[in-house]
file my_file-v4.cif (mmCIF, C-alpha atoms)
data_protein
loop_
_atom_site.label_atom_id
_atom_site.label_comp_id
_atom_site.auth_asym_id
_atom_site.auth_seq_id
_atom_site.Cartn_x
_atom_site.Cartn_y
_atom_site.Cartn_z
CA MET A 26 0.00 0.00 0.00
CA SER A 27 3.02 2.29 -0.23
CA SER A 28 2.49 3.32 -3.83
CA PRO A 29 1.98 7.07 -4.33
CA ARG A 30 -1.56 8.30 -3.85
CA GLU A 31 -3.12 11.13 -5.78
CA TYR A 32 -3.76 12.97 -2.52
CA ASP A 33 -0.08 12.93 -1.56
CA ASP A 34 0.37 16.35 -3.14
CA ILE A 35 -2.13 18.05 -0.83
CA PRO A 36 0.04 20.12 1.52
CA GLY A 37 0.02 19.76 5.32
CA THR A 38 -2.42 16.85 5.26
CA TYR A 39 -2.07 13.32 6.68
CA VAL A 40 -4.78 11.11 5.22
CA TYR A 41 -5.61 8.24 7.56
CA ASP A 42 -5.39 5.55 4.91
CA ALA A 43 -4.37 1.90 4.92
CA GLU A 44 -0.71 2.63 5.53
CA ARG A 45 -1.40 4.94 8.48
CA GLY A 46 -4.03 2.49 9.70
CA ARG A 47 -1.37 -0.22 9.96
CA GLN A 48 1.06 2.15 11.63
CA GLY A 49 -1.28 3.90 14.01
CA TYR A 50 -3.66 1.31 15.38
CA ALA A 51 -2.11 0.98 18.85
CA LEU A 52 -1.55 4.72 19.22
CA ASN A 53 -5.15 5.48 18.32
CA MET A 54 -6.54 2.74 20.54
CA PHE A 55 -4.61 4.26 23.47
CA CYS A 56 -6.35 7.56 22.65
CA MET A 57 -9.73 5.80 22.49
CA SER A 58 -9.16 4.42 26.00
CA LEU A 59 -9.34 8.01 27.28
CA ASN A 60 -13.09 8.01 26.66
CA LYS A 61 -13.39 6.37 30.10
CA PRO A 62 -13.04 8.74 33.07
CA GLU A 63 -11.10 6.16 35.13
CA ASN A 64 -8.57 5.81 32.31
CA ARG A 65 -8.22 9.57 32.01
CA ALA A 66 -7.40 9.67 35.71
CA SER A 67 -4.86 6.82 35.41
CA PHE A 68 -3.18 8.46 32.44
CA LYS A 69 -2.94 11.84 34.11
CA GLY A 70 -1.63 10.19 37.28
CA ASN A 71 1.22 8.36 35.56
CA GLU A 72 1.46 9.00 31.84
CA ALA A 73 4.51 6.85 31.06
CA GLY A 74 3.18 3.97 33.16
CA TYR A 75 -0.22 4.14 31.52
CA LEU A 76 1.36 4.09 28.06
CA ASP A 77 3.12 0.83 28.95
CA ARG A 78 -0.25 -0.88 28.50
CA PHE A 79 -0.11 -0.17 24.76
CA PRO A 80 2.43 -1.48 22.22
CA LEU A 81 3.56 1.95 21.02
CA SER A 82 6.75 2.69 19.11
CA ALA A 83 9.37 4.84 20.82
CA GLU A 84 8.43 7.74 18.56
CA GLN A 85 4.72 7.33 19.29
CA ARG A 86 5.47 7.40 23.05
CA ARG A 87 7.58 10.51 22.65
CA CYS A 88 4.87 12.29 20.66
CA VAL A 89 2.28 11.58 23.32
CA LEU A 90 4.47 12.49 26.31
CA GLU A 91 5.68 15.69 24.65
CA ARG A 92 2.27 16.49 23.12
CA ASP A 93 3.88 16.80 19.71
CA TRP A 94 0.54 16.94 17.88
CA LEU A 95 1.93 17.17 14.36
CA ALA A 96 4.41 14.33 14.86
CA MET A 97 1.57 12.19 16.22
CA LEU A 98 -0.11 12.38 12.82
CA LYS A 99 3.13 11.47 11.08
CA ALA A 100 3.46 8.49 13.44
CA GLY A 101 0.04 7.17 12.47
CA GLY A 102 -2.23 9.19 14.71
CA ASN A 103 -5.75 9.94 13.54
CA ILE A 104 -6.94 13.40 14.55
CA TYR A 105 -10.30 12.15 15.82
CA TYR A 106 -8.37 9.92 18.21
CA THR A 107 -5.38 12.09 19.14
CA ILE A 108 -7.72 14.97 20.01
CA LYS A 109 -8.84 12.90 23.01
CA ILE A 110 -5.41 13.50 24.60
CA ALA A 111 -6.01 17.21 24.13
CA PHE A 112 -9.49 16.99 25.71
CA CYS A 113 -7.84 15.19 28.63
CA ASP A 114 -5.49 18.20 28.94
CA GLY A 115 -8.39 20.65 28.81
CA LEU A 116 -7.45 21.92 25.35
CA THR A 117 -9.86 22.63 22.50
CA PHE A 118 -9.74 21.53 18.90
CA GLN A 119 -8.76 25.05 17.94
CA ASP A 120 -5.84 25.06 20.42
CA VAL A 121 -4.45 21.91 18.82
CA ALA A 122 -5.10 23.16 15.29
CA SER A 123 -3.03 26.26 16.00
CA MET A 124 -0.16 24.16 17.38
CA MET A 125 -0.22 21.81 14.38
CA SER A 126 -0.13 24.70 11.96
CA GLY A 127 2.69 26.38 13.89
CA VAL A 128 1.07 29.66 14.85
CA SER A 129 -0.15 31.15 18.11
CA LYS A 130 -3.66 30.50 19.30
CA GLU A 131 -4.49 34.17 18.72
CA THR A 132 -3.11 34.24 15.18
CA TYR A 133 -5.01 31.07 14.33
CA ALA A 134 -8.26 32.36 15.84
CA GLN A 135 -7.86 35.59 13.88
CA MET A 136 -7.32 33.64 10.65
CA MET A 137 -10.55 31.71 11.27
CA LEU A 138 -12.50 34.89 12.03
CA ALA A 139 -11.23 36.32 8.76
CA GLY A 140 -12.74 33.39 6.85
CA GLY A 141 -10.24 30.60 7.45
CA ARG A 142 -7.14 29.44 5.61
CA SER A 143 -7.56 30.36 1.96
CA PRO A 144 -7.58 27.68 -0.73
CA GLU A 145 -5.30 29.95 -2.80
CA GLY A 146 -1.79 28.54 -2.67
CA ASN A 147 -2.92 25.71 -0.36
CA ARG A 148 -4.28 23.18 -2.81
CA TYR A 149 -0.97 21.67 -3.91
CA LYS A 150 2.40 21.26 -2.30
CA GLU A 151 4.87 24.08 -3.01
CA GLY A 152 1.98 26.47 -3.40
CA ARG A 153 1.08 25.37 -6.90
CA SER A 154 -2.43 26.35 -7.84
CA SER A 155 -3.00 23.46 -10.22
CA PRO A 156 -1.63 19.97 -10.81
CA GLN A 157 1.84 19.71 -12.26
CA ALA A 158 1.71 19.34 -16.03
CA PRO A 159 2.29 15.73 -16.97
CA PRO A 160 5.74 15.11 -18.47
CA ARG A 161 5.74 15.33 -22.25
CA ALA A 162 5.67 12.05 -24.06
CA GLU A 163 9.01 11.12 -25.58
CA LYS A 164 9.07 11.31 -29.33
CA MET B 14 -47.83 4.70 4.38
CA ALA B 15 -44.65 6.22 5.66
CA ARG B 16 -43.07 8.95 3.56
CA ILE B 17 -39.98 11.12 3.59
CA VAL B 18 -41.16 14.71 3.69
CA ALA B 19 -37.92 16.70 3.81
CA GLY B 20 -34.17 16.60 4.03
CA ILE B 21 -31.86 18.63 6.22
CA GLY B 22 -28.15 19.15 5.61
CA CYS B 23 -26.40 20.24 8.78
CA SER B 24 -22.84 20.57 10.05
CA HIS B 25 -22.14 18.78 13.32
CA VAL B 26 -19.28 20.82 14.75
CA PRO B 27 -18.78 19.74 18.39
CA ALA B 28 -18.09 23.33 19.51
CA ILE B 29 -21.64 24.27 18.46
CA GLY B 30 -22.94 21.76 20.98
CA VAL B 31 -20.56 23.03 23.64
CA ALA B 32 -21.71 26.62 23.02
CA MET B 33 -25.33 25.55 23.58
CA ASP B 34 -24.52 23.39 26.60
CA LYS B 35 -22.59 26.23 28.24
CA GLY B 36 -25.11 28.95 27.41
CA ALA B 37 -22.73 30.86 25.14
CA THR B 38 -24.96 31.19 22.07
CA GLY B 39 -25.50 34.92 22.64
CA THR B 40 -21.81 35.88 22.65
CA PRO B 41 -20.50 38.02 19.78
CA TYR B 42 -18.63 34.98 18.45
CA TRP B 43 -21.62 32.64 18.35
CA GLU B 44 -24.63 34.94 17.95
CA PRO B 45 -24.41 35.27 14.13
CA LEU B 46 -24.33 31.49 13.75
CA PHE B 47 -27.22 30.80 16.12
CA ARG B 48 -29.36 33.64 14.77
CA GLY B 49 -29.45 31.72 11.50
CA TYR B 50 -30.74 28.58 13.21
CA GLY B 51 -33.97 30.22 14.42
CA PRO B 52 -35.95 29.93 11.16
CA ALA B 53 -34.94 26.26 10.79
CA ARG B 54 -36.26 25.49 14.26
CA GLU B 55 -39.55 27.19 13.46
CA TRP B 56 -39.84 25.27 10.21
CA LEU B 57 -39.16 21.95 11.96
CA THR B 58 -41.65 22.71 14.74
CA GLN B 59 -44.31 23.34 12.07
CA LEU B 60 -43.39 20.18 10.20
CA ALA B 61 -43.53 18.05 13.38
CA PRO B 62 -42.12 14.83 11.88
CA ASP B 63 -42.60 11.50 13.63
CA VAL B 64 -39.16 10.11 12.91
CA ALA B 65 -35.77 11.43 11.81
CA ILE B 66 -33.16 9.31 10.08
CA VAL B 67 -29.85 10.96 11.00
CA VAL B 68 -26.95 10.13 8.72
CA TYR B 69 -23.72 10.92 10.55
CA ASN B 70 -20.33 9.57 11.43
CA ASP B 71 -19.17 8.36 14.78
CA HIS B 72 -15.93 9.98 15.99
CA ALA B 73 -14.15 7.22 17.89
CA ASN B 74 -16.93 6.93 20.45
CA ALA B 75 -19.38 4.15 19.64
CA PHE B 76 -16.84 2.44 17.40
CA SER B 77 -13.08 2.23 17.47
CA LEU B 78 -10.54 1.05 14.93
CA ASP B 79 -11.27 -2.53 16.07
CA ILE B 80 -14.25 -2.80 13.75
CA ILE B 81 -14.99 -0.13 11.13
CA PRO B 82 -18.46 -0.43 9.58
CA THR B 83 -18.85 1.49 6.33
CA PHE B 84 -22.63 1.74 6.71
CA LEU B 85 -24.39 0.97 9.99
CA ILE B 86 -27.95 1.34 11.24
CA GLY B 87 -28.98 1.58 14.90
CA VAL B 88 -32.06 -0.52 15.62
CA ALA B 89 -32.39 0.06 19.36
CA ASP B 90 -35.26 1.83 21.11
CA ARG B 91 -32.87 4.08 22.97
CA PHE B 92 -29.36 5.39 22.45
CA PRO B 93 -27.34 6.80 25.36
CA ILE B 94 -25.21 9.93 24.94
CA ALA B 95 -21.50 9.10 24.49
CA ASP B 96 -18.67 10.29 26.72
CA GLU B 97 -16.32 11.62 24.05
CA GLY B 98 -13.48 12.28 26.45
CA PHE B 99 -14.92 15.15 28.49
CA GLY B 100 -18.16 13.68 29.84
CA PRO B 101 -21.44 13.15 27.94
CA ARG B 102 -23.28 16.19 26.57
CA PRO B 103 -26.15 17.24 28.86
CA VAL B 104 -28.84 16.49 26.29
CA PRO B 105 -31.78 14.07 26.39
CA GLU B 106 -31.25 10.42 25.62
CA VAL B 107 -32.13 9.64 22.02
CA LYS B 108 -35.24 7.50 21.50
CA GLY B 109 -35.16 5.17 18.52
CA ASP B 110 -37.81 3.56 16.34
CA SER B 111 -36.79 -0.06 16.50
CA ARG B 112 -39.56 -1.36 14.28
CA LEU B 113 -38.90 1.04 11.41
CA ALA B 114 -35.14 0.67 11.83
CA TRP B 115 -35.36 -3.11 11.50
CA HIS B 116 -37.57 -2.69 8.45
CA LEU B 117 -34.91 -0.43 6.95
CA ALA B 118 -32.13 -2.88 7.82
CA GLU B 119 -33.95 -5.78 6.17
CA SER B 120 -35.01 -3.77 3.15
CA LEU B 121 -31.58 -2.23 2.58
CA ILE B 122 -29.73 -5.53 2.82
CA LEU B 123 -32.14 -7.23 0.43
CA ASP B 124 -31.75 -4.19 -1.82
CA GLU B 125 -27.99 -4.98 -1.90
CA PHE B 126 -26.77 -2.49 0.72
CA ASP B 127 -24.86 -4.62 3.22
CA MET B 128 -25.65 -2.76 6.42
CA THR B 129 -24.07 -3.46 9.78
CA ILE B 130 -26.77 -3.63 12.45
CA ALA B 131 -26.25 -2.16 15.95
CA ASN B 132 -28.49 -3.15 18.84
CA GLN B 133 -26.45 -1.18 21.33
CA MET B 134 -24.51 2.01 20.71
CA PRO B 135 -23.99 5.42 22.28
CA VAL B 136 -24.42 8.43 19.99
CA ASP B 137 -21.93 11.28 19.84
CA HIS B 138 -21.94 14.91 18.74
CA GLY B 139 -22.22 13.84 15.10
CA LEU B 140 -25.86 12.99 15.82
CA THR B 141 -26.70 15.19 18.81
CA VAL B 142 -25.37 18.51 17.47
CA PRO B 143 -27.69 18.54 14.42
CA LEU B 144 -30.58 17.72 16.77
CA SER B 145 -29.57 20.60 19.03
CA VAL B 146 -29.15 22.94 16.07
CA THR B 147 -32.62 22.20 14.70
CA CYS B 148 -34.57 21.49 17.91
CA GLY B 149 -32.93 23.75 20.50
CA GLN B 150 -32.83 22.47 24.07
CA PRO B 151 -36.05 20.54 24.74
CA ALA B 152 -36.48 18.23 27.75
CA GLU B 153 -37.09 15.39 25.28
CA TRP B 154 -36.29 15.27 21.58
CA PRO B 155 -39.53 15.91 19.67
CA PHE B 156 -39.29 12.82 17.42
CA ARG B 157 -37.83 9.34 17.29
CA VAL B 158 -34.39 9.01 15.73
CA ILE B 159 -32.78 6.30 13.65
CA PRO B 160 -28.98 6.66 13.61
CA LEU B 161 -27.32 5.73 10.34
CA CYS B 162 -23.53 5.83 10.56
CA VAL B 163 -21.12 6.22 7.67
CA ASN B 164 -17.40 5.67 8.09
CA VAL B 165 -15.47 8.81 7.19
CA VAL B 166 -12.67 8.40 9.76
CA GLN B 167 -10.68 5.60 8.11
CA TYR B 168 -9.92 6.31 4.45
CA PRO B 169 -11.68 5.56 2.17
CA PRO B 170 -15.25 6.52 3.03
CA PRO B 171 -17.88 5.23 0.64
CA THR B 172 -18.11 7.32 -2.53
CA GLY B 173 -20.62 10.11 -2.91
CA ALA B 174 -22.35 8.13 -5.64
CA ARG B 175 -22.71 5.10 -3.36
CA CYS B 176 -24.09 7.29 -0.60
CA TYR B 177 -26.65 8.77 -2.99
CA LYS B 178 -27.77 5.28 -4.01
CA LEU B 179 -28.10 4.31 -0.36
CA GLY B 180 -30.38 7.30 0.03
CA GLN B 181 -32.48 6.09 -2.87
CA ALA B 182 -32.74 2.66 -1.25
CA ILE B 183 -33.77 4.25 2.05
CA ARG B 184 -36.49 6.07 0.17
CA ARG B 185 -37.77 2.84 -1.40
CA ALA B 186 -37.80 1.16 2.02
CA VAL B 187 -39.65 4.02 3.74
CA ASP B 188 -42.21 4.09 0.90
CA ARG B 189 -42.98 0.42 1.57
CA TYR B 190 -43.52 0.83 5.32
CA GLU B 191 -47.18 0.47 6.17
CA GLU B 192 -47.38 2.71 9.25
CA ASP B 193 -48.46 6.27 8.57
CA LEU B 194 -45.30 8.16 9.49
CA ARG B 195 -43.75 11.43 8.38
CA VAL B 196 -40.00 11.06 8.17
CA VAL B 197 -37.23 13.62 7.78
CA ILE B 198 -33.69 12.66 6.88
CA TYR B 199 -30.57 14.52 8.02
CA GLY B 200 -27.27 14.48 6.17
CA THR B 201 -24.67 15.81 8.57
CA GLY B 202 -21.03 16.89 8.71
CA GLY B 203 -18.99 19.36 6.72
CA MET B 204 -18.87 21.81 5.30
CA SER B 205 -15.31 22.70 4.29
CA HIS B 206 -12.90 22.18 7.16
CA GLN B 207 -9.58 20.65 8.02
CA LEU B 208 -8.78 19.72 11.59
CA GLN B 209 -5.33 18.27 11.11
CA GLY B 210 -1.81 19.08 9.99
CA GLU B 211 -0.19 22.33 8.96
CA ARG B 212 -3.17 23.06 6.70
CA ALA B 213 -5.66 23.08 9.61
CA GLY B 214 -8.25 25.83 9.31
CA PHE B 215 -8.71 25.39 5.56
CA ILE B 216 -12.06 26.84 4.43
CA ASN B 217 -13.45 27.10 0.89
CA ARG B 218 -16.58 29.21 0.74
CA GLU B 219 -16.75 28.95 -3.04
CA PHE B 220 -16.77 25.14 -2.96
CA ASP B 221 -19.37 25.09 -0.18
CA THR B 222 -21.65 27.49 -2.01
CA ALA B 223 -21.44 25.46 -5.21
CA PHE B 224 -22.19 22.30 -3.22
CA LEU B 225 -25.26 23.85 -1.58
CA ASP B 226 -26.47 25.14 -4.95
CA GLY B 227 -25.87 21.75 -6.56
CA LEU B 228 -28.11 19.92 -4.08
CA THR B 229 -31.06 21.55 -5.81
CA ARG B 230 -29.73 22.17 -9.31
CA ASP B 231 -27.79 19.03 -10.16
CA PRO B 232 -27.32 16.56 -7.30
CA LEU B 233 -26.04 13.82 -9.60
CA ALA B 234 -23.14 16.02 -10.69
CA LEU B 235 -22.22 16.44 -7.02
CA THR B 236 -22.09 12.69 -6.56
CA ARG B 237 -19.21 12.55 -9.03
CA ILE B 238 -16.90 14.62 -6.81
CA ARG B 239 -14.00 12.31 -6.00
CA HIS B 240 -12.45 11.86 -2.57
CA THR B 241 -9.21 13.63 -3.47
CA GLU B 242 -11.19 16.62 -4.72
CA TYR B 243 -13.12 16.82 -1.44
CA MET B 244 -9.89 16.70 0.54
CA ARG B 245 -8.08 19.19 -1.68
CA GLU B 246 -10.97 21.63 -2.14
CA ALA B 247 -12.96 21.24 1.08
CA GLY B 248 -10.23 20.19 3.52
CA SER B 249 -9.37 16.70 4.66
CA GLU B 250 -12.39 16.51 6.97
CA GLY B 251 -14.65 18.17 4.40
CA ILE B 252 -14.92 14.69 2.92
CA GLU B 253 -17.75 14.24 5.45
CA MET B 254 -19.98 15.90 2.87
CA VAL B 255 -20.43 12.51 1.21
CA MET B 256 -23.02 11.94 3.95
CA TRP B 257 -25.21 14.72 2.56
CA HIS B 258 -25.68 12.60 -0.55
CA VAL B 259 -27.49 9.93 1.46
CA MET B 260 -29.99 12.59 2.47
CA ARG B 261 -30.26 13.98 -1.04
CA GLY B 262 -30.72 10.53 -2.59
CA ALA B 263 -33.69 9.90 -0.32
CA LEU B 264 -35.57 12.91 -1.72
CA ASN B 265 -37.38 13.47 -5.00
CA GLU B 266 -35.40 14.40 -8.09
CA GLN B 267 -37.01 17.83 -7.82
CA VAL B 268 -36.62 19.59 -4.50
CA ALA B 269 -36.96 23.15 -3.34
CA GLU B 270 -34.47 24.75 -1.02
CA VAL B 271 -36.63 26.37 1.62
CA TYR B 272 -33.85 27.59 3.88
CA ARG B 273 -30.09 28.06 3.88
CA HIS B 274 -27.64 29.35 6.46
CA TYR B 275 -23.88 29.44 6.09
CA HIS B 276 -21.39 30.86 8.53
CA VAL B 277 -17.63 30.94 9.03
CA PRO B 278 -16.19 30.18 11.50
CA ALA B 279 -17.59 27.65 13.94
CA SER B 280 -14.31 26.74 15.62
CA ASN B 281 -12.29 25.28 12.69
CA THR B 282 -15.24 24.78 10.38
CA ALA B 283 -17.58 26.36 7.87
CA ALA B 284 -21.03 25.62 9.30
CA GLY B 285 -23.83 25.00 6.81
CA LEU B 286 -27.52 24.32 7.18
CA VAL B 287 -29.91 23.66 4.33
CA ILE B 288 -33.54 22.51 4.23
CA LEU B 289 -34.87 20.75 1.15
CA GLU B 290 -38.52 19.88 0.54
CA ASN B 291 -39.81 17.45 -2.05
CA ARG B 292 -41.61 19.09 -4.94
CA SER B 293 -43.08 17.19 -7.89
CA ALA B 294 -43.50 13.42 -7.79
CA ALA B 295 -40.30 11.38 -7.65
#
call {"tool": "encode", "arguments": {"input": "my_file-v4.cif", "output": "structure tokens"}}
result
Amino acid sequence: MSSPREYDDIPGTYVYDAERGRQGYALNMFCMSLNKPENRASFKGNEAGYLDRFPLSAEQRRCVLERDWLAMLKAGGNIYYTIKIAFCDGLTFQDVASMMSGVSKETYAQMMLAGGRSPEGNRYKEGRSSPQAPPRAEK
Amino acid sequence: MARIVAGIGCSHVPAIGVAMDKGATGTPYWEPLFRGYGPAREWLTQLAPDVAIVVYNDHANAFSLDIIPTFLIGVADRFPIADEGFGPRPVPEVKGDSRLAWHLAESLILDEFDMTIANQMPVDHGLTVPLSVTCGQPAEWPFRVIPLCVNVVQYPPPTGARCYKLGQAIRRAVDRYEEDLRVVIYGTGGMSHQLQGERAGFINREFDTAFLDGLTRDPLALTRIRHTEYMREAGSEGIEMVMWHVMRGALNEQVAEVYRHYHVPASNTAAGLVILENRSAA
């Protein structure tokens, strides 16, 4: 499933597809466990110890313990799951969105009030506004 | 005879529910959004349907990555409110219509839609926020609700075209149900938004407007929008809009848009609400 996908050229986007599904299952199931109040309490009481219950990679553990939201996605996290760690921390979806996009909460909130992140320059990687022209056929 | 009388397209942004639950709907941030919900509530109160079929996606609450149903129907008589990680929303329990839901399950499967059937499931903001948006804060929800879940969390969701055909099959099943019921169908989620990655906050008003227009003008053209186009043009989570096609497919070919409200932002999302009524015969 590692062949290029047509959505790979969408910038700043981590599609939770088959490959990420294989990579991220344990990480996301840890996040799912936080739906239970007793698990939220255990996790907050001893984060590293609680994570031992799940077969996470070293990088996945690091991402969770350091709340590296963007790296979580790269390590197979699914946003609907990883956001549960943020809820556990008392953060909102918008707080995490600002951190993932690398701007302050205020800057992000202002961008949303102004109509959100524009499609212009954000449809394709490297700011292209349309797909790259296919290479010319050899004569 | 049961019949589908109208369709509602409605975003299900969790922050909209939180704003209602915390009494913040009158703040400068939220007031413009909620002002636009008033006419929809009046319309729905007048319509007074018996049952609502709510097409939505679960967000890692009823279902996990253990088992990922593409299409699922809830056949219980009651559905508790999910704890999504910060306690359940303080809204009434959702009452189902087990008899109609089982009729739909049987009809859809025999009509070649291989539904998963749930006898027990909590419902999350994907279902309760559209109810709150269109019903306000009643002590009990004013109609019975049949949850119909579509996977949009694990790529790939079903295609828009498949969702539309499911809607058509729902329509055939409702038309065959002998009890005299008036049914509305909700398509929820969207509109353009992206919750993840460096591109979070992506909004495309132009795409959303064309989508809303297309529901009336040329719904079949909308069903040909491919997944990559949704993700590129409407944000990675904007792909939820495939669920609106289930709603649209359950209506007549000719519909009239009787109400529309569109507002940016609701947290990270462009919030849309549209009401479609059947016009001439199917």
call {"tool": "atom_distance", "arguments": {"input": "my_file-v4.cif", "atom1": "atom CA of B:Gln209", "atom2": "atom CA of A:Ala111"}}
result
13.1 Å
call {"tool": "atom_distance", "arguments": {"input": "my_file-v4.cif", "atom1": "atom CA of B:Leu113", "atom2": "atom CA of B:Tyr199"}}
result
16.2 Å
call {"tool": "closest_residue", "arguments": {"input": "my_file-v4.cif", "among": "B:Leu286, B:Ala213, B:Ile29, B:Leu117", "to": "B:Tyr42", "atoms": "all atoms listed in the file"}}
result
B:Ile29
call {"tool": "residues_around", "arguments": {"input": "my_file-v4.cif", "residues": "B:Gly262", "least_positions_apart": "2", "cutoff": "7 Å", "atoms": "all atoms listed in the file", "output": "PDB file with C-alpha atoms, in the coordinates of the input"}}
result
ATOM      1  CA  TYR B 177     -26.650   8.770  -2.990  1.00  0.00           C
ATOM      2  CA  LYS B 178     -27.770   5.280  -4.010  1.00  0.00           C
ATOM      3  CA  GLY B 180     -30.380   7.300   0.030  1.00  0.00           C
ATOM      4  CA  GLN B 181     -32.480   6.090  -2.870  1.00  0.00           C
ATOM      5  CA  HIS B 258     -25.680  12.600  -0.550  1.00  0.00           C
ATOM      6  CA  VAL B 259     -27.490   9.930   1.460  1.00  0.00           C
ATOM      7  CA  MET B 260     -29.990  12.590   2.470  1.00  0.00           C
ATOM      8  CA  LEU B 264     -35.570  12.910  -1.720  1.00  0.00           C
TER       9      LEU B 264
END
call {"tool": "residues_around", "arguments": {"input": "my_file-v4.cif", "residues": "stretch 122-133 of chain A", "least_positions_apart": "2", "cutoff": "6 Å", "atoms": "only C-alpha atoms", "output": "JSON, numbers by chain"}}
result
{"A": [95, 119, 120, 135, 136], "B": [210, 211, 213]}
call {"tool": "build_atoms", "arguments": {"input": "my_file-v4.cif", "residues": "stretch 169-183 of chain B", "atoms": "N, CA and C atoms", "output": "mmCIF file, keeping the file's coordinate frame"}}
result
data_model
loop_
_atom_site.group_PDB
_atom_site.id
_atom_site.type_symbol
_atom_site.label_atom_id
_atom_site.label_comp_id
_atom_site.auth_asym_id
_atom_site.auth_seq_id
_atom_site.Cartn_x
_atom_site.Cartn_y
_atom_site.Cartn_z
ATOM 1 N N PRO B 169 -10.752 4.638 2.805
ATOM 2 C CA PRO B 169 -11.680 5.560 2.170
ATOM 3 C C PRO B 169 -13.105 5.431 2.689
ATOM 4 N N PRO B 170 -13.798 6.572 2.825
ATOM 5 C CA PRO B 170 -15.250 6.520 3.030
ATOM 6 C C PRO B 170 -15.906 5.968 1.771
ATOM 7 N N PRO B 171 -17.167 5.588 1.868
ATOM 8 C CA PRO B 171 -17.880 5.230 0.640
ATOM 9 C C PRO B 171 -17.956 6.447 -0.290
ATOM 10 N N THR B 172 -18.077 6.198 -1.575
ATOM 11 C CA THR B 172 -18.110 7.320 -2.530
ATOM 12 C C THR B 172 -19.427 8.096 -2.406
ATOM 13 N N GLY B 173 -19.395 9.310 -2.899
ATOM 14 C CA GLY B 173 -20.620 10.110 -2.910
ATOM 15 C C GLY B 173 -21.723 9.430 -3.702
ATOM 16 N N ALA B 174 -21.348 8.798 -4.800
ATOM 17 C CA ALA B 174 -22.350 8.130 -5.640
ATOM 18 C C ALA B 174 -22.998 6.965 -4.883
ATOM 19 N N ARG B 175 -22.185 6.223 -4.136
ATOM 20 C CA ARG B 175 -22.710 5.100 -3.360
ATOM 21 C C ARG B 175 -23.650 5.613 -2.261
ATOM 22 N N CYS B 176 -23.255 6.711 -1.659
ATOM 23 C CA CYS B 176 -24.090 7.290 -0.600
ATOM 24 C C CYS B 176 -25.441 7.733 -1.173
ATOM 25 N N TYR B 177 -25.416 8.331 -2.335
ATOM 26 C CA TYR B 177 -26.650 8.770 -2.990
ATOM 27 C C TYR B 177 -27.567 7.572 -3.253
ATOM 28 N N LYS B 178 -26.970 6.486 -3.742
ATOM 29 C CA LYS B 178 -27.770 5.280 -4.010
ATOM 30 C C LYS B 178 -28.326 4.678 -2.730
ATOM 31 N N LEU B 179 -27.566 4.766 -1.653
ATOM 32 C CA LEU B 179 -28.100 4.310 -0.360
ATOM 33 C C LEU B 179 -29.324 5.143 0.004
ATOM 34 N N GLY B 180 -29.232 6.440 -0.233
ATOM 35 C CA GLY B 180 -30.380 7.300 0.030
ATOM 36 C C GLY B 180 -31.598 6.883 -0.768
ATOM 37 N N GLN B 181 -31.360 6.557 -2.032
ATOM 38 C CA GLN B 181 -32.480 6.090 -2.870
ATOM 39 C C GLN B 181 -33.087 4.805 -2.320
ATOM 40 N N ALA B 182 -32.241 3.920 -1.814
ATOM 41 C CA ALA B 182 -32.740 2.660 -1.250
ATOM 42 C C ALA B 182 -33.504 2.906 0.051
ATOM 43 N N ILE B 183 -33.043 3.884 0.831
ATOM 44 C CA ILE B 183 -33.770 4.250 2.050
ATOM 45 C C ILE B 183 -35.167 4.739 1.675
#
